[in-house]
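Engineer: Take this structure, written in structure tokens, and hold onto it; I'll ask about it next.
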Amino acid sequence: MKCTFSARNRGFTLNEMMIALAVSVVVLGMTLTSSTSLQKSFNAIDSYFATHMQQIRIVDYLSRDVKRGLVVTTSLDLQTVTIKIPNYIIQTGDAEAIANPALVGTPRTPTIVNTPSGPQVNYGNTTSTIVYSINGLSILRSENGVVTTIASSTDQLVPQTTDVELANTEYTKTSITFQPIFTSGGAAAQRSGTTVYSTAYLRNKRRG
Amino acid sequence: MKIEKRLSEKGNVLICALCTVLIISLIGSNVLLNCTTRFNVSSSQVRSWKESLFAAEAGGDIAYAEIRKTVLDPPHAFNGWTNSGAIHASPITTLGTNQLATSAVVDVFYYDPATGNPWYRSRAKGTAPVMGLHRTGMDDRMGVGSRGDSLLRKIDFNTDHFIATYGPNGDGVAKAVVPVPTAQITRRIEQIHAPITPFEAAIKCTGTFYGLGSAAMIDSFNSKNGAYYFAANNPADPHFVDARSGSVQIGTAVMEVNGMLYGNVSTNGGTIRPSQYITGTIDNNVPFTVPPYKMPIDFPPPQASPTSVTSTVSLTPPVAGTAAVPNYYLLSSLTGKLIINPVGSAQTYVAIHVTNDMLAHIDVKPNVHVKVFFDGNMDVKGRDIDNESGLAANLQYYAISPPDPATPQFIHIDPPGNFAATFYAPSADVVLHGNPDLTGAIVCKTFYGNGNTSWHYDRALDTEGDAVDYRIASYVEDIR
């Protein structure tokens with residue numbers, strides 16, 4: 001009996017193995033490098049958009065409060081914004097609430113007061129004060145002293161607001177930038193490409 | 001015997017391929033999860049947040065349009081709404097390609113005690129659906145490393161949180177769990193609509209203007225600060241600040257302005273130049289229109305008598321009334337002499353609707369506030385306008401515009417006699433003869449006056465008179 005071996009079943013030579021191993025190392029290296037780069041890129045983009053969402057949230061918060069505001073004041077460094085808004089909801093301790101506790105949490109009926117500049121609509125005798133400020137990496141919104149963190153990012157969010165007074169109204173211009181935490185080509189990431197702009201007008205006649 | 005191995009039966013390649021597909025799928029799903037979250041927040045939710053405010057403001061505008069109709073087109077105000085007394089609820093209006101929805105509720109929350117004009121409050125809500133997958137990866141927390149996705153934008157995924165927590169009107173009444181058909185964002189705004197009164201200038205005419213005489217004078221004072229005396233030439237006088245508001249507003253370029261004007265003048269394309277005869281500002285580029293005036297429909301039922309006055313009638317109303325609910329008389333003719341007395345010493349309010357020409361002598365005693373509405377023309381002498389208090393606001397004439405705009409309407413006031421009154425007649429041609437000393441204001445279509453009149457505009461009239469339009473005086477958002 002003659003035993004025959006198929007050429008297809010023969011093993012690899014040392015040279016073949018070495019070459020295959022080298023090719024495998026190169027391919028694996030490329031794969032790892034690509035994966036790492038992709039992961040870094042994904043993280044950077046993820047962080048970028050997460051910070052971008054916070055930009056939009058700051059803009060929307062400011063826009064909502066400015067629209068219902070009575071007067072807006074911006075600090076000299078443009079980073080603290082103070083807004084007076086009507087006291088629309090009756091709160092515990094208000095005169096109406098003391099007279100009738102069931103009114104707490106309900107909308108207030110306004111009163112009309114005649115002033116030298118014409119009739120004025122007042123929700124209660126006082127107004128609420130909202131302050132937007134920066135504290136470290138966080139953007140804070142304070143309403144009558146109650147502080148809420150509305151944005152927080154390691155990407156250094158910087159909102160800047162200016163208020164422009166007109167005859168009876170006022171508008172605010174806000175720009176918000178951040179510095180992305182990734183670098184490109186070894187250079188520091190730029191703020192200029194991350195700016196979001198917003199303009200909001202008072203809906204009420206400006207007071208003060 | 002020959003043994004052959006079939007390479008096609010080797011399974012490791014298939015397993016490797018499946019593992020590769022699995023790993024890639026896991027990576028892909030992770031990326032998709034993050035992308036969907038970002039897309040939902042930065043696109044769908046932000047868009048719905050803004051669109052819901054647009055919808056709410058559209059509802060506010062719809063309400064505003066109906067409120068304006070209460071003076072511009074009273075019979076058609078709030079048609080198609082659900083009306084219950086002074087509360088009006090709109091049907092739901094859908095708009096836009098994303099099926100935005102808006103509705104509004106309007107009520108009268110205040111009546112001006114001096115004029116009786118109602119102030120309206122409108123509460124509008126706008127709803128926008130939120131597209132995309134529900135709640136994918138949303139993060140309620142706020143801080144470094146967390147995102148605070150729901151801090152600002154309250155999204156109703158399954159039920160309307162506002163109705164469940166605060167009730168449909170936000171007052172804690174009728175709270176209920178109401179399912180929503182799709183995820184949605186709802187925003188609510190409240191606006192206050194204030195009446196606009198007509199007498200903001202001494203003379204306001206939409207058409208041609210001629211007057212007054214070369215030796216005439218228009219100045220002003222404020223009856224709330226004391227009786228009239230001439231102070232327009234004395235800056236040291238404490239009433240000087242009230243003395244130079246005798247303004248004239250002309251809606252065309254066809255005019256001839258004579259006499260001394262202690263106030264501002266505006267025209268629509270005119271050629272008035274600064275001179276020593278006009279102390280205020282001159283603006284030749286101020287177009288404006290005044291809509292026709294229609295009879296208000298919010299008066300109480302008329303008194304049983306009188307129904308016409310053809311001789312001398314002394315009228316004492318049964319009650320003092322208020323500016324919002326005056327004693328109302330409906331007269332088919334007013335050609336005699338009508339004396340209107342107060343109820344005791346009370347401030348007494350009277351409204352008279354004459355469905356014919358206004359030809360009578362009216363004597364208004366002190367403490368009486370009279371509004372005369374007439375459908376036809378007015379032809380009287382100055383002495384027939386007998387307002388004993390001297391306060392122009394106490395005798396107000398309103399000329400109802402003819403249904404056909406082509407129908408002419410006129411007001412003729414001839415000598416002799418001085419008077420104090422106001423006239424709101426946007427469709428009438430006014431002719432004023434003689435040299436009367438008059439206190440008041442007039443709004444008309446055309447004006448002609450050739451006498452050397454001394455005309456004193458009372459700055460207190462700025463807030464007097466029936467509402468002729470409405471403006472939005474306050475805006476607040478219910479952010480709950």
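Every chain in the structure tokens takes a letter, A first, then B, and so on in the order presented; its residues are numbered from 1, and the ligands are numbered from 1 following the presented order.
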Could you work out which residues of chain B fall inside 8 Å of chain A? Count only C-alpha atoms, and format the result as number ranges by chain.
Structural biologist: B: 34, 38, 41-42, 109, 142-145, 147-148, 151-152, 170-172, 192, 473-478
Engineer: Segment 20-126 of chain A: which residues are helix (DSSP H, G or I) by DSSP, as a PDB file with C-alpha atoms, in the first residue's frame?
Structural biologist:
```
ATOM      1  CA  ALA A  20       2.347  35.622   8.750  1.00  0.00           C
ATOM      2  CA  LEU A  21       3.202  36.663  12.278  1.00  0.00           C
ATOM      3  CA  ALA A  22       4.722  39.916  11.087  1.00  0.00           C
ATOM      4  CA  VAL A  23       1.705  40.689   8.968  1.00  0.00           C
ATOM      5  CA  SER A  24      -0.577  39.832  11.873  1.00  0.00           C
ATOM      6  CA  VAL A  25       1.318  42.145  14.216  1.00  0.00           C
ATOM      7  CA  VAL A  26       1.117  44.974  11.746  1.00  0.00           C
ATOM      8  CA  VAL A  27      -2.601  44.453  11.180  1.00  0.00           C
ATOM      9  CA  LEU A  28      -3.276  44.137  14.904  1.00  0.00           C
ATOM     10  CA  GLY A  29      -1.252  47.255  15.587  1.00  0.00           C
ATOM     11  CA  MET A  30      -3.175  49.192  13.012  1.00  0.00           C
ATOM     12  CA  THR A  31      -6.426  47.930  14.442  1.00  0.00           C
ATOM     13  CA  LEU A  32      -5.492  48.917  17.960  1.00  0.00           C
ATOM     14  CA  THR A  33      -4.275  52.319  16.870  1.00  0.00           C
ATOM     15  CA  SER A  34      -7.437  52.903  14.886  1.00  0.00           C
ATOM     16  CA  SER A  35      -9.604  51.768  17.748  1.00  0.00           C
ATOM     17  CA  THR A  36      -7.832  54.031  20.187  1.00  0.00           C
ATOM     18  CA  SER A  37      -8.104  56.967  17.825  1.00  0.00           C
ATOM     19  CA  LEU A  38     -11.735  56.246  17.199  1.00  0.00           C
ATOM     20  CA  GLN A  39     -12.406  56.027  20.901  1.00  0.00           C
ATOM     21  CA  LYS A  40     -10.626  59.337  21.541  1.00  0.00           C
ATOM     22  CA  SER A  41     -12.496  60.941  18.687  1.00  0.00           C
ATOM     23  CA  PHE A  42     -15.798  59.608  19.889  1.00  0.00           C
ATOM     24  CA  ASN A  43     -15.158  60.810  23.429  1.00  0.00           C
ATOM     25  CA  ALA A  44     -14.158  64.237  22.162  1.00  0.00           C
ATOM     26  CA  ILE A  45     -17.234  64.571  19.994  1.00  0.00           C
ATOM     27  CA  ASP A  46     -19.438  63.229  22.750  1.00  0.00           C
ATOM     28  CA  SER A  47     -18.022  65.779  25.148  1.00  0.00           C
ATOM     29  CA  TYR A  48     -18.347  68.523  22.535  1.00  0.00           C
ATOM     30  CA  PHE A  49     -22.017  67.889  21.939  1.00  0.00           C
ATOM     31  CA  ALA A  50     -22.767  67.417  25.607  1.00  0.00           C
ATOM     32  CA  THR A  51     -21.260  70.856  26.232  1.00  0.00           C
ATOM     33  CA  HIS A  52     -23.096  72.227  23.220  1.00  0.00           C
ATOM     34  CA  MET A  53     -26.364  71.059  24.741  1.00  0.00           C
ATOM     35  CA  GLN A  54     -25.478  72.930  27.880  1.00  0.00           C
ATOM     36  CA  GLN A  55     -24.864  76.044  25.797  1.00  0.00           C
ATOM     37  CA  ILE A  56     -28.355  75.739  24.364  1.00  0.00           C
ATOM     38  CA  ARG A  57     -29.817  75.191  27.817  1.00  0.00           C
ATOM     39  CA  ILE A  58     -28.206  78.374  29.140  1.00  0.00           C
ATOM     40  CA  VAL A  59     -29.547  80.295  26.154  1.00  0.00           C
ATOM     41  CA  ASP A  60     -33.040  78.889  26.629  1.00  0.00           C
ATOM     42  CA  TYR A  61     -33.029  79.636  30.346  1.00  0.00           C
ATOM     43  CA  LEU A  62     -31.925  83.218  29.743  1.00  0.00           C
ATOM     44  CA  SER A  63     -34.353  83.705  26.897  1.00  0.00           C
ATOM     45  CA  ARG A  64     -37.290  82.466  28.960  1.00  0.00           C
ATOM     46  CA  ASP A  65     -36.470  84.737  31.888  1.00  0.00           C
ATOM     47  CA  VAL A  66     -35.662  87.808  29.804  1.00  0.00           C
ATOM     48  CA  LYS A  67     -38.926  87.545  27.864  1.00  0.00           C
ATOM     49  CA  ALA A  95     -49.985  88.392  51.868  1.00  0.00           C
ATOM     50  CA  GLU A  96     -52.553  86.423  49.861  1.00  0.00           C
ATOM     51  CA  ALA A  97     -51.237  83.154  51.243  1.00  0.00           C
ATOM     52  CA  ILE A  98     -51.434  84.402  54.815  1.00  0.00           C
ATOM     53  CA  ALA A  99     -55.031  85.451  54.270  1.00  0.00           C
ATOM     54  CA  PRO A 101     -53.346  79.387  52.607  1.00  0.00           C
ATOM     55  CA  ALA A 102     -55.220  77.529  49.873  1.00  0.00           C
ATOM     56  CA  LEU A 103     -53.929  80.098  47.398  1.00  0.00           C
TER      57      LEU A 103
END
```
Engineer: Rank nothing, just name the residue among B:Pro318, B:Gly382, B:Pro198, B:Pro296 nearest to Gln396 of chain B, using only C-alpha atoms.
Structural biologist: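 Ranking B:Pro318, B:Gly382, B:Pro198, B:Pro296 by distance to Gln396 of chain B, first place goes to B:Pro198.
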Engineer: Name the residues in contact with segment 385-394 of chain B at a cut-off of 8 Å, using only C-alpha atoms, excluding same-chain residues fewer than 4 positions from it; report them as a short mmCIF file (atom, residue, chain, number, x, y, z; two decimals) with N, CA and C atoms, in the first residue's frame.
Structural biologist:
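Result written to part-v5.cif:
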```cif
data_model
loop_
_atom_site.label_atom_id
_atom_site.label_comp_id
_atom_site.auth_asym_id
_atom_site.auth_seq_id
_atom_site.Cartn_x
_atom_site.Cartn_y
_atom_site.Cartn_z
N SER B 223 -56.28 118.98 34.53
CA SER B 223 -57.32 119.28 35.51
C SER B 223 -57.09 118.56 36.84
N HIS B 361 -79.86 120.67 23.32
CA HIS B 361 -79.09 121.34 24.37
C HIS B 361 -78.96 120.35 25.52
N ILE B 362 -77.74 120.08 25.92
CA ILE B 362 -77.53 119.17 27.05
C ILE B 362 -76.88 119.95 28.18
N ASP B 363 -77.47 119.85 29.33
CA ASP B 363 -76.95 120.53 30.53
C ASP B 363 -76.53 119.44 31.53
N VAL B 364 -75.25 119.32 31.72
CA VAL B 364 -74.71 118.29 32.61
C VAL B 364 -74.29 118.95 33.92
N LYS B 365 -74.96 118.55 34.97
CA LYS B 365 -74.66 119.14 36.27
C LYS B 365 -73.35 118.58 36.82
N PRO B 366 -72.74 119.28 37.79
CA PRO B 366 -71.50 118.75 38.40
C PRO B 366 -71.74 117.36 38.99
N ASN B 367 -70.70 116.57 39.03
CA ASN B 367 -70.71 115.19 39.54
C ASN B 367 -71.42 114.21 38.62
N VAL B 368 -71.78 114.67 37.44
CA VAL B 368 -72.40 113.76 36.48
C VAL B 368 -71.41 113.51 35.34
N HIS B 369 -71.30 112.24 34.95
CA HIS B 369 -70.40 111.84 33.86
C HIS B 369 -71.26 111.26 32.75
N VAL B 370 -71.27 111.94 31.62
CA VAL B 370 -72.20 111.57 30.55
C VAL B 370 -71.42 111.20 29.28
N LYS B 371 -71.88 110.11 28.67
CA LYS B 371 -71.40 109.75 27.34
C LYS B 371 -72.62 109.72 26.42
N VAL B 380 -75.20 121.82 16.56
CA VAL B 380 -75.56 122.57 17.76
C VAL B 380 -74.76 123.86 17.82
N LYS B 381 -75.12 124.67 18.79
CA LYS B 381 -74.31 125.85 19.11
C LYS B 381 -73.45 125.54 20.33
N PHE B 419 -67.45 126.01 25.65
CA PHE B 419 -67.86 124.69 26.14
C PHE B 419 -66.64 123.84 26.52
N ALA B 420 -66.96 122.76 27.26
CA ALA B 420 -65.95 121.77 27.64
C ALA B 420 -66.53 120.40 27.33
N ALA B 421 -65.88 119.68 26.42
CA ALA B 421 -66.38 118.36 26.02
C ALA B 421 -65.32 117.68 25.17
N THR B 422 -65.54 116.40 24.94
CA THR B 422 -64.68 115.67 24.00
C THR B 422 -65.57 115.09 22.91
N THR B 439 -62.54 123.71 26.13
CA THR B 439 -61.66 122.75 26.80
C THR B 439 -62.03 121.37 26.31
N GLY B 440 -61.05 120.63 25.83
CA GLY B 440 -61.37 119.29 25.39
C GLY B 440 -60.46 118.77 24.31
N ASP B 458 -56.96 119.12 27.94
CA ASP B 458 -56.79 118.67 29.32
C ASP B 458 -55.99 117.37 29.31
N LEU B 461 -57.28 113.93 30.00
CA LEU B 461 -58.04 113.18 29.00
C LEU B 461 -57.24 112.02 28.43
N GLU B 464 -58.84 109.08 29.61
CA GLU B 464 -60.30 109.12 29.64
C GLU B 464 -60.88 108.61 28.32
N GLY B 465 -62.14 108.32 28.35
CA GLY B 465 -62.82 107.92 27.13
C GLY B 465 -62.98 106.43 26.98
#
```
Engineer: When you count only C-alpha atoms, which of these residues is closest to Leu78 of chain A: A:Thr161, A:Gln156, A:Thr127, A:Thr92?
Structural biologist: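 For Leu78 of chain A, the nearest of the candidates is A:Thr161.
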Engineer: From the DSSP assignment of the backbone, select every residue of segment 368-432 of chain B that is strand (DSSP E or B), and format the answer as a PyMOL selection string.
Structural biologist: chain B and resi 368-374+378-381+385-387+395-399+410-414+419-432
Engineer: Mind writing the picked residues with C-alpha atoms as a tab-separated table (two decimals), in the first residue's frame?
Structural biologist:
```
chain	number	residue	atom	x	y	z
B	368	VAL	CA	-72.40	113.76	36.48
B	369	HIS	CA	-70.40	111.84	33.86
B	370	VAL	CA	-72.20	111.57	30.55
B	371	LYS	CA	-71.40	109.75	27.34
B	372	VAL	CA	-73.62	110.54	24.38
B	373	PHE	CA	-73.56	108.14	21.44
B	374	PHE	CA	-75.37	109.27	18.31
B	378	MET	CA	-74.56	116.75	15.23
B	379	ASP	CA	-75.59	120.34	14.69
B	380	VAL	CA	-75.56	122.57	17.76
B	381	LYS	CA	-74.31	125.85	19.11
B	385	ILE	CA	-72.92	121.95	25.21
B	386	ASP	CA	-73.41	122.94	28.80
B	387	ASN	CA	-70.97	121.05	30.99
B	395	LEU	CA	-69.29	115.17	28.67
B	396	GLN	CA	-68.12	112.89	25.91
B	397	TYR	CA	-69.74	112.70	22.47
B	398	TYR	CA	-69.27	109.59	20.32
B	399	ALA	CA	-70.39	109.64	16.68
B	410	PHE	CA	-70.80	115.87	10.11
B	411	ILE	CA	-70.50	117.76	13.37
B	412	HIS	CA	-71.24	121.49	13.18
B	413	ILE	CA	-70.70	123.70	16.21
B	414	ASP	CA	-71.60	127.32	15.75
B	419	PHE	CA	-67.86	124.69	26.14
B	420	ALA	CA	-65.95	121.77	27.64
B	421	ALA	CA	-66.38	118.36	26.02
B	422	THR	CA	-64.68	115.67	24.00
B	423	PHE	CA	-65.68	114.33	20.61
B	424	TYR	CA	-64.77	110.97	19.13
B	425	ALA	CA	-66.01	110.96	15.56
B	426	PRO	CA	-63.57	109.15	13.26
B	427	SER	CA	-66.03	109.27	10.33
B	428	ALA	CA	-67.25	112.84	10.74
B	429	ASP	CA	-66.34	116.09	9.06
B	430	VAL	CA	-66.09	118.66	11.83
B	431	VAL	CA	-66.73	122.35	11.30
B	432	LEU	CA	-66.15	124.75	14.18
```
Engineer: Pick the closest to Ile472 of chain B from B:Ile272, B:Ala231, B:Leu14, B:Ala65: which is it, counting only C-alpha atoms?
Structural biologist: B:Ala65
Engineer: What is the distance between atom CA of Gly145 of chain A and atom CA of Val131 of chain A, in Å to one decimal?
Structural biologist: 8.6 Å
Engineer: Got a sec: who's within 10 Å of Tyr110 of chain B, counting only C-alpha atoms, leaving out chain neighbours fewer than 2 positions off, as JSON, numbers by chain?
Structural biologist: {"A": [109, 110, 111, 112], "B": [107, 108, 112, 113, 116, 117, 118, 119, 120, 121, 194]}
